[in-house]
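Heads up, the thing below is written out as structure tokens.
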There are 2 protein chains.
Amino acid sequence: MARTQGSHSDITGPRIREAALRLFAQHGYAAVSMRQIAKEVGVQAGALYNYTPDKQSLLFNLMAGHMAELQAAWDSVPQADSALKRLRAFTGFHIRFHLERPDAVFIAYMELRNLTEENFTVIESLRRDYENGVEGILKQGVEQGEFAVPDTKIATLAVIAMLNGVNTWYRSEGRLSLDEVERVYWGMVQKAVST
Amino acid sequence: MARTQGSHSDITGPRIREAALRLFAQHGYAAVSMRQIAKEVGVQAGALYNYTPDKQSLLFNLMAGHMAELQAAWDSVPQADSALKRLRAFTGFHIRFHLERPDAVFIAYMELRNLTEENFTVIESLRRDYENGVEGILKQGVEQGEFAVPDTKIATLAVIAMLNGVNTWYRSEGRLSLDEVERVYWGMVQKAVST
DNA sequence: CTTTTTTCTGAACATTCGTTCAGTTATTGT
DNA sequence: ACAATAACTGAACGAATGTTCAGAAAAAAG
């Protein structure tokens with residue numbers, strides 16, 4: 001056997017990335033073999049190398065793609081004038097974006113240690129960009145007297161960490177709807193940074 | 001060669017656990033081989049099996065030990081009467097305990113997916129016990145009118161997630177002292193749950 | 001000193017790993 | 001219809017994996 005019926009680059013490529021994403025999130029990068037990914041796609045291990053130069057690049061591209069998507073999505077959210085409204089918009093955006101991609105989120109900060117040094121630097125830089133956007137909101141709020149935080153950098157990380165926590169427990173079949181979750185978290189975020 | 005000079009069970013045992021803890025935290029459970037751990041200790045791989053039946057038990061015991069320590073340490077903290085004081089004590093305790101054991105903390109919630117099903121159940125149960133203790137404080141605070149949170153379970157997870165975030169950025173040589181970090185976080189926690 | 005026990009070595013085991021590649025087949029272009 | 005290209009197979013590579021075990025040496029017990 002060789003090339004199979006209906007085989008296409010534009011189909012196999014995404015399927016490989018999807019399978020890798022799910023398996024990496026489930027078992028961890030190091031614990032997943034190229035053969036497992038191939039099996040999931042319905043292909044032999046060697047075929048993967050038509051789509052990625054190696055396993056490391058597969059991981060890196062998943063993470064870099066996720067971070068780029070995250071930044072682009074947030075950039076496309078219209079910004080209000082007041083810091084309070086902007087922070088509220090961010091809270092909702094961050095929760096929803098992350099709940100829609102639990103696997104990518106999980107990988108993006110669980111598999112940092114499995115990146116090569118250069119790849120790690122790139123991802124870390126993307127993450128910092130995103131964090132800086134949030135810190136900008138807090139700084140604005142402090143300047144305009146809407147917020148009171150002793151340290152905007154720490155507050156930024158604290159808010160993000162708190163929101164990230166949703167991914168560890170939220171289930172769509174669960175007790176609370178997405179709107180309710182958003183409202184509860186916004187209540188806490190708002191109070192935490194308020195004057 | 002065989003048994004080496006000065007070899008002792010009470011020395012090698014802890015050294016194996018220390019090496020495993022550090023290596024697992026640094027590279028991940030699946031990415032660390034028994035030979036790497038052995039090399040760190042200065043021993044051959046086979047010798048490790050005098051101290052652990054297998055690699056999985058090594059991981060499980062590290063995690064279970066950490067969770068037991070955590071619970072015991074918190075249990076030994078004297079409890080104040082008011083919920084506000086208790087929550088303040090918890091905030092300080094949690095931050096300090098976790099900053100003192102970054103590797104164990106990292107492993108305890110990064111390597112959950114590498115546990116067997118039964119081992120996972122055990123660790124999850126220990127974690128829930130700890131979380132329930134915190135929720136008890138919030139419940140008390142709500143009953144006594146000191147706190148206002150729409151959902152004590154979510155608030156518990158949000159507070160813990162926020163505090164856990166400290167481990168991702170705190171460095172002892174950094175800009176802020178431990179006391180300052182504690183004060184900043186307590187400020188945010190307090191406001192987040194306040195009426 | 002002699003015996004027993006504890007601690008470790010070094011080699012071996014079957015598996016699995018990431019990756020390469022010559023060959024084969026389906027698809028595309030002419 | 002035929003030629004060219006893209007997509008994949010299947011086998012192979014050396015290296016590394018977790019684990020076992022007979023034997024050797026050091027330490028402890030007598």
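By convention in this document, the chains of the structure tokens carry letters A, B, ... by their order, each chain's residues are numbered from 1, and ligands are numbered from 1 in the order they are shown.
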
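Applying a distance limit of 7 Å to only C-alpha atoms (C1' of nucleotides), the residues of chain C near chain A read DT24, DT25 and DA26 of chain C.
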
Distance query C:DT28 at most 10 Å, only C-alpha atoms (C1' of nucleotides), self and fewer than 6 positions along chain excluded, as a PDB file with all heavy atoms, in the first residue's frame:
```pdb
ATOM      1  P    DA D   4       7.457  13.518 -17.141  1.00  0.00           P
ATOM      2  OP1  DA D   4       8.378  14.510 -17.722  1.00  0.00           O
ATOM      3  OP2  DA D   4       7.943  12.181 -16.750  1.00  0.00           O
ATOM      4  O5'  DA D   4       6.749  14.209 -15.892  1.00  0.00           O
ATOM      5  C5'  DA D   4       5.990  15.394 -16.092  1.00  0.00           C
ATOM      6  C4'  DA D   4       5.331  15.813 -14.779  1.00  0.00           C
ATOM      7  O4'  DA D   4       4.274  14.892 -14.450  1.00  0.00           O
ATOM      8  C3'  DA D   4       6.285  15.844 -13.585  1.00  0.00           C
ATOM      9  O3'  DA D   4       6.075  17.065 -12.888  1.00  0.00           O
ATOM     10  C2'  DA D   4       5.876  14.640 -12.742  1.00  0.00           C
ATOM     11  C1'  DA D   4       4.408  14.467 -13.103  1.00  0.00           C
ATOM     12  N9   DA D   4       3.940  13.088 -13.062  1.00  0.00           N
ATOM     13  C8   DA D   4       4.564  11.981 -13.581  1.00  0.00           C
ATOM     14  N7   DA D   4       3.894  10.860 -13.425  1.00  0.00           N
ATOM     15  C5   DA D   4       2.747  11.264 -12.759  1.00  0.00           C
ATOM     16  C6   DA D   4       1.624  10.550 -12.305  1.00  0.00           C
ATOM     17  N6   DA D   4       1.478   9.242 -12.465  1.00  0.00           N
ATOM     18  N1   DA D   4       0.647  11.245 -11.681  1.00  0.00           N
ATOM     19  C2   DA D   4       0.797  12.568 -11.532  1.00  0.00           C
ATOM     20  N3   DA D   4       1.808  13.348 -11.925  1.00  0.00           N
ATOM     21  C4   DA D   4       2.749  12.625 -12.531  1.00  0.00           C
ATOM     22  P    DT D   5       7.092  17.481 -11.723  1.00  0.00           P
ATOM     23  OP1  DT D   5       7.399  18.906 -11.962  1.00  0.00           O
ATOM     24  OP2  DT D   5       8.157  16.475 -11.567  1.00  0.00           O
ATOM     25  O5'  DT D   5       6.136  17.403 -10.449  1.00  0.00           O
ATOM     26  C5'  DT D   5       4.807  17.913 -10.545  1.00  0.00           C
ATOM     27  C4'  DT D   5       3.959  17.317  -9.452  1.00  0.00           C
ATOM     28  O4'  DT D   5       3.647  15.935  -9.743  1.00  0.00           O
ATOM     29  C3'  DT D   5       4.622  17.313  -8.055  1.00  0.00           C
ATOM     30  O3'  DT D   5       3.725  17.945  -7.177  1.00  0.00           O
ATOM     31  C2'  DT D   5       4.785  15.830  -7.732  1.00  0.00           C
ATOM     32  C1'  DT D   5       3.603  15.246  -8.511  1.00  0.00           C
ATOM     33  N1   DT D   5       3.664  13.794  -8.802  1.00  0.00           N
ATOM     34  C2   DT D   5       2.549  13.023  -8.539  1.00  0.00           C
ATOM     35  O2   DT D   5       1.521  13.468  -8.083  1.00  0.00           O
ATOM     36  N3   DT D   5       2.685  11.691  -8.850  1.00  0.00           N
ATOM     37  C4   DT D   5       3.800  11.070  -9.381  1.00  0.00           C
ATOM     38  O4   DT D   5       3.805   9.871  -9.611  1.00  0.00           O
ATOM     39  C5   DT D   5       4.927  11.930  -9.619  1.00  0.00           C
ATOM     40  C7   DT D   5       6.191  11.358 -10.186  1.00  0.00           C
ATOM     41  C6   DT D   5       4.810  13.249  -9.322  1.00  0.00           C
ATOM     42  P    DA D   6       4.235  18.548  -5.786  1.00  0.00           P
ATOM     43  OP1  DA D   6       4.273  20.016  -5.866  1.00  0.00           O
ATOM     44  OP2  DA D   6       5.435  17.803  -5.363  1.00  0.00           O
ATOM     45  O5'  DA D   6       3.027  18.124  -4.849  1.00  0.00           O
ATOM     46  C5'  DA D   6       1.754  17.871  -5.431  1.00  0.00           C
ATOM     47  C4'  DA D   6       1.007  16.842  -4.585  1.00  0.00           C
ATOM     48  O4'  DA D   6       1.334  15.505  -5.029  1.00  0.00           O
ATOM     49  C3'  DA D   6       1.339  16.877  -3.087  1.00  0.00           C
ATOM     50  O3'  DA D   6       0.117  16.757  -2.382  1.00  0.00           O
ATOM     51  C2'  DA D   6       2.266  15.685  -2.882  1.00  0.00           C
ATOM     52  C1'  DA D   6       1.733  14.715  -3.933  1.00  0.00           C
ATOM     53  N9   DA D   6       2.725  13.776  -4.457  1.00  0.00           N
ATOM     54  C8   DA D   6       4.015  14.044  -4.814  1.00  0.00           C
ATOM     55  N7   DA D   6       4.661  12.996  -5.291  1.00  0.00           N
ATOM     56  C5   DA D   6       3.729  11.983  -5.237  1.00  0.00           C
ATOM     57  C6   DA D   6       3.792  10.616  -5.598  1.00  0.00           C
ATOM     58  N6   DA D   6       4.880  10.042  -6.108  1.00  0.00           N
ATOM     59  N1   DA D   6       2.687   9.885  -5.424  1.00  0.00           N
ATOM     60  C2   DA D   6       1.591  10.466  -4.914  1.00  0.00           C
ATOM     61  N3   DA D   6       1.414  11.737  -4.541  1.00  0.00           N
ATOM     62  C4   DA D   6       2.535  12.436  -4.730  1.00  0.00           C
TER      63       DA D   6
END
```

For chain D, report every residue with an atom at most 7 Å from chain A (counting only C-alpha atoms (C1' of nucleotides)), formatted as a list in words.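 Those within range of chain A come out as DA7, DC8 and DT9 of chain D.
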
Which chain B residues are at most 9 Å from chain A (counting only C-alpha atoms), as a count of residues only? 37

Nearest residue to D:DT20 from the set C:DC1, C:DC21, C:DC8, C:DC13 (distances using only C-alpha atoms (C1' of nucleotides)):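 Of the candidates, the smallest distance to D:DT20 is held by C:DC13.
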
Would you work out the distance separating atom CA of B:Ala83 from atom CA of B:Glu100, expressed in Å to one decimal?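 Between these atoms lies a distance of 25.5 Å.
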